[in-house]
Amino acid sequence: MKTQRGWLYLEPIFTSEDIIRKLPQEQKKFDVIDQFFRATMEVVEKEAKVFDSLEIDLEKLNQEFENHNKTLEVIQKALTDYLETKRRAFARFYFSSDEELLEILSDTKEPTKVQPHMSKCFEAINEVQFSSNQEVLAMISAEKEKIEFIKPVDVNEGDKKGNVEKWLLEVESVMQKTLLHICKQSIKDTQIKRTEWVKKWPGQIVLAVNQTRWTKGAEDAILR
């Protein structure tokens with residue numbers, strides 16, 4: 001049962017070309033286990049009482065299962081270490097489970113597959129907008145509020161290609177710079193009615209600038 005659980009967990013993971021490329025030695029080890037497990041299951045399927053057969057060396061078979069269980073633990077440890085390197089590179093991955101992170105990393109050739117997990121990495125971002133040539137142009141909230149970035153993020157530029165954590169780091173940086181830029185603009189925008197001003201700027205900016213203006217007004221009142 002332990003071998004079966006380990007095989008069921010790892011089998012879909014090692015069908016991903018990206019994971020295989022990152023963990024080639026572990027893939028080779030898993031291939032050996034995969035062949036053994038499939039061959040054993042084929043025998044069992046043909047003859048349900050195979051373990052009662054005098055032709056089966058149960059002691060040898062049990063030892064093989066135990067050896068493969070140890071190898072599965074080594075593979076899972078290597079996989080956990082690999083995921084940890086990704087989390088250290090992009091700390092927001094700590095908000096995602098191993099299964100979610102593996103789904104993100106299993107197909108890095110298709111950056112849009114990160115979309116279902118954006119809200120785990122960025123609390124107020126439900127999705128990002130991709131251009132036809134795979135540039136991230138904007139962030140979109142669950143309420144469909146859209147904020148265009150001050151510059152696009154090319155996910156295939158340099159070492160960002162195939163490394164989702166690297167282009168997500170740039171998305172994080174551009175997001176912060178974009179919000180700072182918009183915040184500065186909204187603070188200076190004092191020539192329109194408040195009701196119009198509230199509708200003109202993103203909700204997060206309105207809240208932040210409101211607090212800034214209130215604090216400045218309170219300070220001015222105290223000084224007077």
# chains A, B, ... in the order shown; residues from 1 in each chain; ligands from 1

$ residues_around --residues "stretch 157-167 of chain A" --least-positions-apart "2" --cutoff "8 Å" --atoms "only C-alpha atoms" --output "list of chain:residue names"
A:Lys86, A:Ala89, A:Phe90, A:Ile104, A:Leu105, A:Thr108, A:Lys109, A:Pro111, A:Val153, A:Asp154, A:Val155, A:Leu169, A:Glu170, A:Val171

$ write_last_selection --atoms "N, CA, C and O atoms" --output "PDB file, in the first residue's frame"
ATOM      1  N   LYS A  86      12.221  26.937  -4.976  1.00  0.00           N
ATOM      2  CA  LYS A  86      11.301  27.832  -5.679  1.00  0.00           C
ATOM      3  C   LYS A  86      10.634  28.797  -4.701  1.00  0.00           C
ATOM      4  O   LYS A  86      10.420  29.973  -5.013  1.00  0.00           O
ATOM      5  N   ALA A  89      13.022  31.476  -3.699  1.00  0.00           N
ATOM      6  CA  ALA A  89      13.202  32.449  -4.786  1.00  0.00           C
ATOM      7  C   ALA A  89      12.019  33.410  -4.875  1.00  0.00           C
ATOM      8  O   ALA A  89      12.191  34.594  -5.190  1.00  0.00           O
ATOM      9  N   PHE A  90      10.807  32.894  -4.601  1.00  0.00           N
ATOM     10  CA  PHE A  90       9.599  33.717  -4.651  1.00  0.00           C
ATOM     11  C   PHE A  90       8.758  33.359  -3.436  1.00  0.00           C
ATOM     12  O   PHE A  90       8.005  32.390  -3.446  1.00  0.00           O
ATOM     13  N   ILE A 104       1.767  24.639 -10.970  1.00  0.00           N
ATOM     14  CA  ILE A 104       2.345  25.840 -11.567  1.00  0.00           C
ATOM     15  C   ILE A 104       3.634  25.519 -12.306  1.00  0.00           C
ATOM     16  O   ILE A 104       3.882  26.001 -13.410  1.00  0.00           O
ATOM     17  N   LEU A 105       4.463  24.675 -11.686  1.00  0.00           N
ATOM     18  CA  LEU A 105       5.792  24.386 -12.232  1.00  0.00           C
ATOM     19  C   LEU A 105       5.791  23.305 -13.300  1.00  0.00           C
ATOM     20  O   LEU A 105       6.772  23.148 -14.023  1.00  0.00           O
ATOM     21  N   THR A 108       5.745  25.151 -17.441  1.00  0.00           N
ATOM     22  CA  THR A 108       6.231  26.530 -17.489  1.00  0.00           C
ATOM     23  C   THR A 108       6.262  27.090 -18.905  1.00  0.00           C
ATOM     24  O   THR A 108       6.460  28.287 -19.092  1.00  0.00           O
ATOM     25  N   LYS A 109       6.078  26.218 -19.898  1.00  0.00           N
ATOM     26  CA  LYS A 109       6.024  26.715 -21.279  1.00  0.00           C
ATOM     27  C   LYS A 109       4.741  27.500 -21.525  1.00  0.00           C
ATOM     28  O   LYS A 109       4.652  28.246 -22.503  1.00  0.00           O
ATOM     29  N   PRO A 111       2.749  30.090 -19.609  1.00  0.00           N
ATOM     30  CA  PRO A 111       2.664  30.964 -18.431  1.00  0.00           C
ATOM     31  C   PRO A 111       1.239  31.228 -17.946  1.00  0.00           C
ATOM     32  O   PRO A 111       1.029  31.451 -16.748  1.00  0.00           O
ATOM     33  N   VAL A 153       5.585  43.105 -18.496  1.00  0.00           N
ATOM     34  CA  VAL A 153       6.552  42.102 -18.024  1.00  0.00           C
ATOM     35  C   VAL A 153       6.628  40.994 -19.059  1.00  0.00           C
ATOM     36  O   VAL A 153       5.659  40.262 -19.277  1.00  0.00           O
ATOM     37  N   ASP A 154       7.775  40.874 -19.698  1.00  0.00           N
ATOM     38  CA  ASP A 154       7.978  39.845 -20.714  1.00  0.00           C
ATOM     39  C   ASP A 154       8.415  38.553 -20.030  1.00  0.00           C
ATOM     40  O   ASP A 154       9.545  38.457 -19.531  1.00  0.00           O
ATOM     41  N   VAL A 155       7.543  37.561 -20.001  1.00  0.00           N
ATOM     42  CA  VAL A 155       7.828  36.324 -19.258  1.00  0.00           C
ATOM     43  C   VAL A 155       8.854  35.438 -19.969  1.00  0.00           C
ATOM     44  O   VAL A 155       9.341  34.471 -19.384  1.00  0.00           O
ATOM     45  N   LEU A 169       8.373  37.503  -9.730  1.00  0.00           N
ATOM     46  CA  LEU A 169       9.096  38.501  -8.947  1.00  0.00           C
ATOM     47  C   LEU A 169       9.045  39.860  -9.635  1.00  0.00           C
ATOM     48  O   LEU A 169       8.881  40.898  -8.982  1.00  0.00           O
ATOM     49  N   GLU A 170       9.196  39.848 -10.957  1.00  0.00           N
ATOM     50  CA  GLU A 170       9.125  41.112 -11.694  1.00  0.00           C
ATOM     51  C   GLU A 170       7.705  41.667 -11.688  1.00  0.00           C
ATOM     52  O   GLU A 170       7.511  42.885 -11.602  1.00  0.00           O
ATOM     53  N   VAL A 171       6.710  40.778 -11.779  1.00  0.00           N
ATOM     54  CA  VAL A 171       5.316  41.227 -11.677  1.00  0.00           C
ATOM     55  C   VAL A 171       5.104  41.929 -10.330  1.00  0.00           C
ATOM     56  O   VAL A 171       4.467  42.991 -10.261  1.00  0.00           O
TER      57      VAL A 171
END

$ select_by_dssp --residues "stretch 6-224 of chain A" --states "helix (DSSP H, G or I)" --output "ChimeraX atom specification"
/A:6-10,13-15,17-22,24-46,50-52,58-89,91-95,98-105,111-121,158-160,164-188,194-200,203-223

$ residues_around --residues "stretch 17-33 of chain A" --least-positions-apart "6" --cutoff "7 Å" --atoms "only C-alpha atoms" --output "MDAnalysis selection string"
chainID A and resid 68 75 106:108

$ atom_distance --atom1 "atom CA of A:Lys216" --atom2 "atom CA of A:Asp189"
15.5 Å

$ residues_around --residues "A:Leu137" --least-positions-apart "2" --cutoff "9 Å" --atoms "only C-alpha atoms" --output "list in words"
Val128, Gln129, Phe130, Ser131, Glu135, Met139, Ile147, Glu148, Phe149, Ile150, Lys151, Pro152 and Val153 of chain A

$ atom_distance --atom1 "atom CA of A:Cys121" --atom2 "atom CA of A:Arg92"
5.1 Å

$ residues_around --residues "A:Glu64" --least-positions-apart "2" --cutoff "12 Å" --atoms "only C-alpha atoms" --output "list in words"
Thr3, Val32, Ile33, Phe36, Phe37, Thr40, Asp57, Leu58, Glu59, Lys60, Leu61, Asn62, Glu66, Asn67, His68, Asn69, Lys70 and Thr71 of chain A

$ atom_distance --atom1 "atom CA of A:Ser173" --atom2 "atom CA of A:Val136"
12.5 Å

$ select_by_dssp --residues "chain A" --states "strand (DSSP E or B)" --output "ChimeraX atom specification"
/A:127-130,135-140,146-154

$ residues_around --residues "A:Leu10" --least-positions-apart "4" --cutoff "10 Å" --atoms "only C-alpha atoms" --output "list in words"
Gln4, Arg5, Gly6, Phe14, Thr15, Gln27, Phe30, Asp34, Leu72, Ile75, Gln76 and Leu79 of chain A

$ write_last_selection --atoms "C-alpha atoms" --output "compact mmCIF listing (two decimals), in the first residue's frame"
# COMPACT_ATOMS: atom_id res chain seq x y z
CA GLN A 4 1.04 2.33 -4.26
CA ARG A 5 0.47 5.63 -2.44
CA GLY A 6 3.92 6.89 -3.41
CA PHE A 14 6.93 12.74 -13.57
CA THR A 15 4.84 12.96 -16.73
CA GLN A 27 13.07 10.57 -12.90
CA PHE A 30 11.08 6.60 -10.52
CA ASP A 34 7.19 2.52 -12.25
CA LEU A 72 10.31 6.73 -3.11
CA ILE A 75 12.57 10.97 -4.52
CA GLN A 76 9.93 12.75 -2.44
CA LEU A 79 11.02 16.94 -4.81
